[in-house]
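Data from coords_18.pdb: PDB, C-alpha atoms and all ligand atoms
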ATOM      1  CA  MET A 255      76.459 145.370 107.876  1.00  0.00           C
ATOM      2  CA  GLN A 256      77.606 147.983 105.404  1.00  0.00           C
ATOM      3  CA  GLY A 257      80.589 145.821 104.373  1.00  0.00           C
ATOM      4  CA  VAL A 258      78.499 142.696 103.887  1.00  0.00           C
ATOM      5  CA  ARG A 259      76.024 144.447 101.616  1.00  0.00           C
ATOM      6  CA  PHE A 260      78.869 145.854  99.462  1.00  0.00           C
ATOM      7  CA  LEU A 261      80.385 142.373  99.015  1.00  0.00           C
ATOM      8  CA  ALA A 262      77.048 140.900  97.983  1.00  0.00           C
ATOM      9  CA  VAL A 263      76.593 143.574  95.308  1.00  0.00           C
ATOM     10  CA  ALA A 264      80.143 143.085  94.037  1.00  0.00           C
ATOM     11  CA  ALA A 265      79.580 139.324  93.695  1.00  0.00           C
ATOM     12  CA  LEU A 266      76.384 139.909  91.727  1.00  0.00           C
ATOM     13  CA  VAL A 267      78.125 142.301  89.333  1.00  0.00           C
ATOM     14  CA  ALA A 268      80.967 139.815  88.791  1.00  0.00           C
ATOM     15  CA  PHE A 269      78.476 137.038  88.071  1.00  0.00           C
ATOM     16  CA  ALA A 270      76.579 139.200  85.581  1.00  0.00           C
ATOM     17  CA  GLY A 271      79.845 140.041  83.839  1.00  0.00           C
ATOM     18  CA  CYS A 272      80.686 136.374  83.340  1.00  0.00           C
ATOM     19  CA  GLY A 273      77.212 135.610  82.005  1.00  0.00           C
ATOM     20  CA  GLY A 274      77.438 138.443  79.474  1.00  0.00           C
ATOM     21  CA  GLY A 275      80.793 137.219  78.230  1.00  0.00           C
ATOM     22  CA  GLY A 276      79.467 133.714  77.656  1.00  0.00           C
ATOM     23  CA  GLY A 277      76.339 134.915  75.898  1.00  0.00           C
ATOM     24  CA  ASP A 278      78.132 136.713  73.077  1.00  0.00           C
ATOM     25  CA  GLY A 279      80.636 134.005  72.380  1.00  0.00           C
ATOM     26  CA  GLY A 280      83.315 135.283  74.747  1.00  0.00           C
ATOM     27  CA  THR A 281      84.656 137.922  72.392  1.00  0.00           C
ATOM     28  CA  THR A 282      83.918 140.965  74.542  1.00  0.00           C
ATOM     29  CA  GLY A 283      83.623 139.513  78.050  1.00  0.00           C
ATOM     30  CA  PRO A 284      86.202 139.845  80.802  1.00  0.00           C
ATOM     31  CA  ALA A 285      89.631 138.431  80.028  1.00  0.00           C
ATOM     32  CA  VAL A 286      89.840 134.726  80.849  1.00  0.00           C
ATOM     33  CA  PHE A 287      93.226 133.012  81.204  1.00  0.00           C
ATOM     34  CA  THR A 288      92.982 130.595  78.270  1.00  0.00           C
ATOM     35  CA  THR A 289      96.458 129.691  77.008  1.00  0.00           C
ATOM     36  CA  LEU A 290      99.960 129.551  78.477  1.00  0.00           C
ATOM     37  CA  SER A 291     102.384 130.428  75.672  1.00  0.00           C
ATOM     38  CA  VAL A 292     105.994 129.178  75.947  1.00  0.00           C
ATOM     39  CA  THR A 293     108.677 130.217  73.430  1.00  0.00           C
ATOM     40  CA  PRO A 294     110.504 128.352  72.023  1.00  0.00           C
ATOM     41  CA  THR A 295     108.132 125.382  71.969  1.00  0.00           C
ATOM     42  CA  SER A 296     111.086 122.982  72.067  1.00  0.00           C
ATOM     43  CA  VAL A 297     114.684 123.516  73.146  1.00  0.00           C
ATOM     44  CA  SER A 298     117.936 122.283  71.584  1.00  0.00           C
ATOM     45  CA  VAL A 299     121.145 123.130  73.443  1.00  0.00           C
ATOM     46  CA  VAL A 300     124.642 121.733  73.682  1.00  0.00           C
ATOM     47  CA  VAL A 301     126.113 120.545  76.967  1.00  0.00           C
ATOM     48  CA  GLN A 302     126.617 123.665  79.126  1.00  0.00           C
ATOM     49  CA  GLY A 303     124.709 125.722  76.561  1.00  0.00           C
ATOM     50  CA  THR A 304     121.747 127.817  77.709  1.00  0.00           C
ATOM     51  CA  GLN A 305     118.390 128.873  76.289  1.00  0.00           C
ATOM     52  CA  ASP A 306     115.964 131.395  77.775  1.00  0.00           C
ATOM     53  CA  LEU A 307     112.276 130.504  77.855  1.00  0.00           C
ATOM     54  CA  THR A 308     109.733 133.280  77.315  1.00  0.00           C
ATOM     55  CA  VAL A 309     106.320 132.676  78.873  1.00  0.00           C
ATOM     56  CA  ALA A 310     103.106 134.670  78.419  1.00  0.00           C
ATOM     57  CA  ALA A 311      99.500 134.292  79.551  1.00  0.00           C
ATOM     58  CA  LYS A 312      96.925 134.757  76.765  1.00  0.00           C
ATOM     59  CA  ASP A 313      93.218 135.437  77.174  1.00  0.00           C
ATOM     60  CA  GLN A 314      90.395 134.013  75.059  1.00  0.00           C
ATOM     61  CA  ASN A 315      91.182 136.573  72.306  1.00  0.00           C
ATOM     62  CA  GLY A 316      94.911 135.885  72.254  1.00  0.00           C
ATOM     63  CA  ALA A 317      95.769 139.102  74.102  1.00  0.00           C
ATOM     64  CA  THR A 318      98.573 139.014  76.660  1.00  0.00           C
ATOM     65  CA  MET A 319      97.403 139.182  80.287  1.00  0.00           C
ATOM     66  CA  ALA A 320      99.216 140.841  83.176  1.00  0.00           C
ATOM     67  CA  GLY A 321      99.820 139.268  86.568  1.00  0.00           C
ATOM     68  CA  LEU A 322     101.420 136.012  85.406  1.00  0.00           C
ATOM     69  CA  THR A 323     103.565 134.081  87.876  1.00  0.00           C
ATOM     70  CA  THR A 324     105.580 131.136  86.600  1.00  0.00           C
ATOM     71  CA  ALA A 325     107.228 127.993  87.946  1.00  0.00           C
ATOM     72  CA  TYR A 326     109.564 125.682  86.029  1.00  0.00           C
ATOM     73  CA  GLN A 327     110.539 122.079  86.642  1.00  0.00           C
ATOM     74  CA  SER A 328     112.982 119.847  84.803  1.00  0.00           C
ATOM     75  CA  ASN A 329     111.848 116.266  84.685  1.00  0.00           C
ATOM     76  CA  ASN A 330     115.466 115.018  84.598  1.00  0.00           C
ATOM     77  CA  VAL A 331     118.015 117.369  86.137  1.00  0.00           C
ATOM     78  CA  SER A 332     120.884 115.090  85.064  1.00  0.00           C
ATOM     79  CA  ILE A 333     120.044 116.028  81.427  1.00  0.00           C
ATOM     80  CA  ALA A 334     118.928 119.662  81.736  1.00  0.00           C
ATOM     81  CA  THR A 335     118.226 122.134  84.517  1.00  0.00           C
ATOM     82  CA  VAL A 336     116.001 125.202  84.525  1.00  0.00           C
ATOM     83  CA  THR A 337     116.198 128.257  86.792  1.00  0.00           C
ATOM     84  CA  GLY A 338     113.329 130.122  88.404  1.00  0.00           C
ATOM     85  CA  ALA A 339     113.774 132.721  85.654  1.00  0.00           C
ATOM     86  CA  GLY A 340     113.288 130.111  82.897  1.00  0.00           C
ATOM     87  CA  VAL A 341     116.897 129.660  81.776  1.00  0.00           C
ATOM     88  CA  VAL A 342     117.510 126.107  80.520  1.00  0.00           C
ATOM     89  CA  THR A 343     121.049 124.669  80.757  1.00  0.00           C
ATOM     90  CA  GLY A 344     122.173 121.450  79.058  1.00  0.00           C
ATOM     91  CA  ILE A 345     123.906 119.126  81.543  1.00  0.00           C
ATOM     92  CA  ALA A 346     124.476 115.878  79.610  1.00  0.00           C
ATOM     93  CA  VAL A 347     123.657 114.470  76.172  1.00  0.00           C
ATOM     94  CA  GLY A 348     120.065 113.203  76.078  1.00  0.00           C
ATOM     95  CA  SER A 349     116.434 114.285  76.100  1.00  0.00           C
ATOM     96  CA  THR A 350     114.015 115.328  78.800  1.00  0.00           C
ATOM     97  CA  THR A 351     111.047 117.627  79.290  1.00  0.00           C
ATOM     98  CA  ILE A 352     110.459 120.806  81.241  1.00  0.00           C
ATOM     99  CA  THR A 353     107.092 121.564  82.776  1.00  0.00           C
ATOM    100  CA  VAL A 354     106.076 125.217  82.907  1.00  0.00           C
ATOM    101  CA  ASN A 355     103.236 126.263  85.209  1.00  0.00           C
ATOM    102  CA  GLY A 356     101.720 129.723  84.800  1.00  0.00           C
ATOM    103  CA  THR A 357      99.214 131.241  87.209  1.00  0.00           C
ATOM    104  CA  VAL A 358      96.972 134.283  86.743  1.00  0.00           C
ATOM    105  CA  GLY A 359      94.613 134.980  89.603  1.00  0.00           C
ATOM    106  CA  GLY A 360      93.492 131.579  90.822  1.00  0.00           C
ATOM    107  CA  THR A 361      93.955 129.797  87.483  1.00  0.00           C
ATOM    108  CA  THR A 362      97.032 127.696  86.672  1.00  0.00           C
ATOM    109  CA  LYS A 363      97.861 126.342  83.223  1.00  0.00           C
ATOM    110  CA  SER A 364     100.683 123.992  82.309  1.00  0.00           C
ATOM    111  CA  GLN A 365     102.865 123.384  79.249  1.00  0.00           C
ATOM    112  CA  THR A 366     105.462 120.675  78.705  1.00  0.00           C
ATOM    113  CA  ILE A 367     108.323 121.346  76.317  1.00  0.00           C
ATOM    114  CA  ASN A 368     110.867 118.885  74.951  1.00  0.00           C
ATOM    115  CA  VAL A 369     114.551 119.517  75.588  1.00  0.00           C
ATOM    116  CA  THR A 370     117.308 117.903  73.547  1.00  0.00           C
ATOM    117  CA  VAL A 371     120.918 118.208  74.733  1.00  0.00           C
ATOM    118  CA  ALA A 372     123.622 117.491  72.146  1.00  0.00           C
ATOM    119  CA  ALA A 373     127.382 117.204  72.325  1.00  0.00           C
ATOM    120  CA  PRO A 374     129.203 120.356  71.235  1.00  0.00           C
ATOM    121  CA  GLY A 375     130.674 120.455  67.745  1.00  0.00           C
ATOM    122  CA  SER A 376     134.301 121.022  66.746  1.00  0.00           C
ATOM    123  CA  SER A 377     133.640 124.468  65.288  1.00  0.00           C
ATOM    124  CA  ALA A 378     131.555 127.553  65.930  1.00  0.00           C
ATOM    125  CA  SER A 379     131.034 130.886  64.226  1.00  0.00           C
ATOM    126  CA  VAL A 380     130.523 134.268  65.901  1.00  0.00           C
ATOM    127  CA  ASN A 381     129.293 137.381  64.087  1.00  0.00           C
ATOM    128  CA  ALA A 382     129.983 140.940  65.161  1.00  0.00           C
ATOM    129  CA  THR A 383     126.553 142.551  64.733  1.00  0.00           C
ATOM    130  CA  THR A 384     125.625 146.067  63.670  1.00  0.00           C
ATOM    131  CA  GLY A 385     124.253 146.392  67.225  1.00  0.00           C
ATOM    132  CA  LEU A 386     127.843 145.987  68.458  1.00  0.00           C
ATOM    133  CA  GLN A 387     127.383 142.567  70.033  1.00  0.00           C
ATOM    134  CA  PHE A 388     129.027 139.192  69.524  1.00  0.00           C
ATOM    135  CA  GLU A 389     126.296 136.821  68.283  1.00  0.00           C
ATOM    136  CA  PRO A 390     126.000 134.239  69.698  1.00  0.00           C
ATOM    137  CA  SER A 391     127.810 135.601  72.726  1.00  0.00           C
ATOM    138  CA  ASP A 392     128.446 132.138  74.188  1.00  0.00           C
ATOM    139  CA  VAL A 393     129.689 129.226  72.085  1.00  0.00           C
ATOM    140  CA  THR A 394     130.825 125.763  73.129  1.00  0.00           C
ATOM    141  CA  ILE A 395     133.239 123.550  71.178  1.00  0.00           C
ATOM    142  CA  THR A 396     135.265 120.424  71.814  1.00  0.00           C
ATOM    143  CA  ALA A 397     138.974 120.652  72.665  1.00  0.00           C
ATOM    144  CA  GLY A 398     140.975 121.089  69.491  1.00  0.00           C
ATOM    145  CA  GLY A 399     138.040 122.874  67.850  1.00  0.00           C
ATOM    146  CA  THR A 400     137.988 126.214  66.080  1.00  0.00           C
ATOM    147  CA  VAL A 401     135.998 129.416  66.488  1.00  0.00           C
ATOM    148  CA  THR A 402     135.731 131.855  63.582  1.00  0.00           C
ATOM    149  CA  TRP A 403     134.820 135.506  64.181  1.00  0.00           C
ATOM    150  CA  ASN A 404     133.230 137.360  61.272  1.00  0.00           C
ATOM    151  CA  PHE A 405     133.643 141.141  61.137  1.00  0.00           C
ATOM    152  CA  ALA A 406     131.759 143.348  58.687  1.00  0.00           C
ATOM    153  CA  GLY A 407     132.295 147.045  58.010  1.00  0.00           C
ATOM    154  CA  THR A 408     132.798 148.099  61.627  1.00  0.00           C
ATOM    155  CA  ALA A 409     136.222 147.304  63.077  1.00  0.00           C
ATOM    156  CA  HIS A 410     136.388 145.184  66.244  1.00  0.00           C
ATOM    157  CA  ASN A 411     138.898 143.124  68.143  1.00  0.00           C
ATOM    158  CA  VAL A 412     138.766 139.985  70.273  1.00  0.00           C
ATOM    159  CA  THR A 413     140.691 140.515  73.496  1.00  0.00           C
ATOM    160  CA  PHE A 414     140.767 137.565  75.895  1.00  0.00           C
ATOM    161  CA  ASN A 415     140.227 138.463  79.539  1.00  0.00           C
ATOM    162  CA  SER A 416     142.690 135.859  80.869  1.00  0.00           C
ATOM    163  CA  ALA A 417     143.322 132.511  79.170  1.00  0.00           C
ATOM    164  CA  ALA A 418     143.870 132.795  75.414  1.00  0.00           C
ATOM    165  CA  PRO A 419     144.202 130.243  72.607  1.00  0.00           C
ATOM    166  CA  GLN A 420     147.273 129.859  70.439  1.00  0.00           C
ATOM    167  CA  GLY A 421     147.635 133.010  68.358  1.00  0.00           C
ATOM    168  CA  GLY A 422     146.300 135.112  71.220  1.00  0.00           C
ATOM    169  CA  ASN A 423     144.075 138.154  70.826  1.00  0.00           C
ATOM    170  CA  ILE A 424     142.649 139.131  67.451  1.00  0.00           C
ATOM    171  CA  ALA A 425     143.837 142.650  66.605  1.00  0.00           C
ATOM    172  CA  THR A 426     141.322 145.286  65.513  1.00  0.00           C
ATOM    173  CA  ILE A 427     140.096 144.481  62.016  1.00  0.00           C
ATOM    174  CA  ALA A 428     137.075 145.004  59.709  1.00  0.00           C
ATOM    175  CA  ASN A 429     135.659 143.125  56.687  1.00  0.00           C
ATOM    176  CA  SER A 430     137.412 139.921  57.602  1.00  0.00           C
ATOM    177  CA  SER A 431     137.015 136.515  59.240  1.00  0.00           C
ATOM    178  CA  VAL A 432     139.612 135.337  61.745  1.00  0.00           C
ATOM    179  CA  SER A 433     139.841 131.930  63.449  1.00  0.00           C
ATOM    180  CA  ARG A 434     141.462 130.612  66.604  1.00  0.00           C
ATOM    181  CA  THR A 435     141.948 126.961  67.549  1.00  0.00           C
ATOM    182  CA  PHE A 436     141.415 126.045  71.206  1.00  0.00           C
ATOM    183  CA  ALA A 437     143.571 123.066  72.179  1.00  0.00           C
ATOM    184  CA  THR A 438     142.819 123.111  75.904  1.00  0.00           C
ATOM    185  CA  ALA A 439     139.496 122.700  77.710  1.00  0.00           C
ATOM    186  CA  GLY A 440     138.380 125.685  79.743  1.00  0.00           C
ATOM    187  CA  SER A 441     136.474 128.938  79.707  1.00  0.00           C
ATOM    188  CA  TYR A 442     137.744 131.784  77.530  1.00  0.00           C
ATOM    189  CA  PRO A 443     135.845 135.014  78.201  1.00  0.00           C
ATOM    190  CA  TYR A 444     136.695 137.847  75.840  1.00  0.00           C
ATOM    191  CA  HIS A 445     135.623 141.348  74.869  1.00  0.00           C
ATOM    192  CA  CYS A 446     136.103 144.035  72.240  1.00  0.00           C
ATOM    193  CA  THR A 447     138.117 146.897  73.740  1.00  0.00           C
ATOM    194  CA  ILE A 448     136.502 149.438  71.380  1.00  0.00           C
ATOM    195  CA  HIS A 449     132.852 148.811  72.285  1.00  0.00           C
ATOM    196  CA  GLY A 450     131.903 148.618  75.951  1.00  0.00           C
ATOM    197  CA  GLY A 451     129.543 145.739  76.702  1.00  0.00           C
ATOM    198  CA  MET A 452     130.630 143.773  73.618  1.00  0.00           C
ATOM    199  CA  ASN A 453     131.474 140.506  75.358  1.00  0.00           C
ATOM    200  CA  GLY A 454     131.507 136.787  74.734  1.00  0.00           C
ATOM    201  CA  THR A 455     132.747 133.472  76.072  1.00  0.00           C
ATOM    202  CA  VAL A 456     134.184 130.424  74.340  1.00  0.00           C
ATOM    203  CA  THR A 457     133.708 127.250  76.377  1.00  0.00           C
ATOM    204  CA  VAL A 458     136.000 124.378  75.368  1.00  0.00           C
ATOM    205  CA  GLN A 459     135.068 120.880  76.559  1.00  0.00           C
TER
HETATM  206 CU    CU A 501     133.739 146.045  68.837  1.00  0.00          CU
END
Could you quickly redo this structure as structure tokens?
Ligand SMILES: [Cu+2]
Amino acid sequence: MQGVRFLAVAALVAFAGCGGGGGDGGTTGPAVFTTLSVTPTSVSVVVQGTQDLTVAAKDQNGATMAGLTTAYQSNNVSIATVTGAGVVTGIAVGSTTITVNGTVGGTTKSQTINVTVAAPGSSASVNATTGLQFEPSDVTITAGGTVTWNFAGTAHNVTFNSAAPQGGNIATIANSSVSRTFATAGSYPYHCTIHGGMNGTVTVQ
């Protein structure tokens, strides 16, 4: 009996809380899952390129809510796939959509985003950042294409982990731009030997 009476009181309090929120225009009431925010709102990737989706639940005041669970579905997996963590990968040239479902408590909201997958270009440019990263870390070009690395004041090198293009590794250098042409399709992971964690991959199709 004790338990039943407690539940009845709790339900009454919850109901009163909802009524109060509605009465003052919803600005000070309990948080209500109102909008599922997905960033970016549309995705453009090259074949084998990836893009992370960031998803947030917003309440009626635009504040981020905790407790969000998400599910992703590609509506054409021959064009683009999406992982359970929201990483989109281009599979073939074309367009499709990805449906994102977000649930907070018992409420589920849905967003659909457009995905465009393009063929890779014949050139790409990679910058060595002040944060000691290669940006973008992954680039994709066609066979015979060229990648140019741009180095500012801090000296870096480009050391290929295994396969290397003609010309081989780029020796440590600052304030310069250096290019390599990749004649053969494949994956070319590389790193800077000076800065741990400074990694990248050239994918040649
Ligand atoms: Cu470096």
Practice task
Kindly compile the residues surrounding ligand CU 501 (chain A) within 10 Å, counting all atoms listed in the file, and format them as a ChimeraX atom specification.
Solution key: /A:382-388,405,408-412,426-428,445-453
**Asked** Written as a list in words, what is the full residue list that the PyMOL selection byres (((chain A and resi 319) around 9) and not hetatm) yields on the file shown?
**Response** Ala285, Val286, Phe287, Ala310, Ala311, Lys312, Asp313, Ala317, Thr318, Ala320, Gly321, Leu322 and Val358 of chain A
Evaluate the PyMOL selection byres (((chain A and resi 293) around 8) and not hetatm) and report residues as a PyMOL selection string
chain A and resi 291-292+294-296+307-309
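Shell of Asp392 in chain A at 9 Å, with all atoms listed in the file counted and residues fewer than 4 places along the chain excluded, is A:Gly303, A:Thr304, A:Val380, A:Phe388, A:Pro443, A:Asn453, A:Gly454, A:Thr455, A:Val456, A:Thr457.
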Across A:Ser332, A:Thr438, A:Asn415, A:Thr351, the smallest distance to Val458 in chain A, with only C-alpha atoms counted, is shown by A:Thr438
One residue among A:Thr370, A:Thr435, A:Ser376, A:Gln327 is nearest to Gln459 in chain A when using all atoms listed in the file, and that residue is A:Ser376
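CA of Asn330 in chain A to CA of Gly360 in chain A spans 28.2 Å [interatomic distance, one decimal].
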How many Å lie between CA of Thr394 in chain A and CA of Gln420 in chain A, rounded to one decimal?
->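 Spanning CA of Thr394 in chain A to CA of Gln420 in chain A is a straight-line distance of 17.2 Å.
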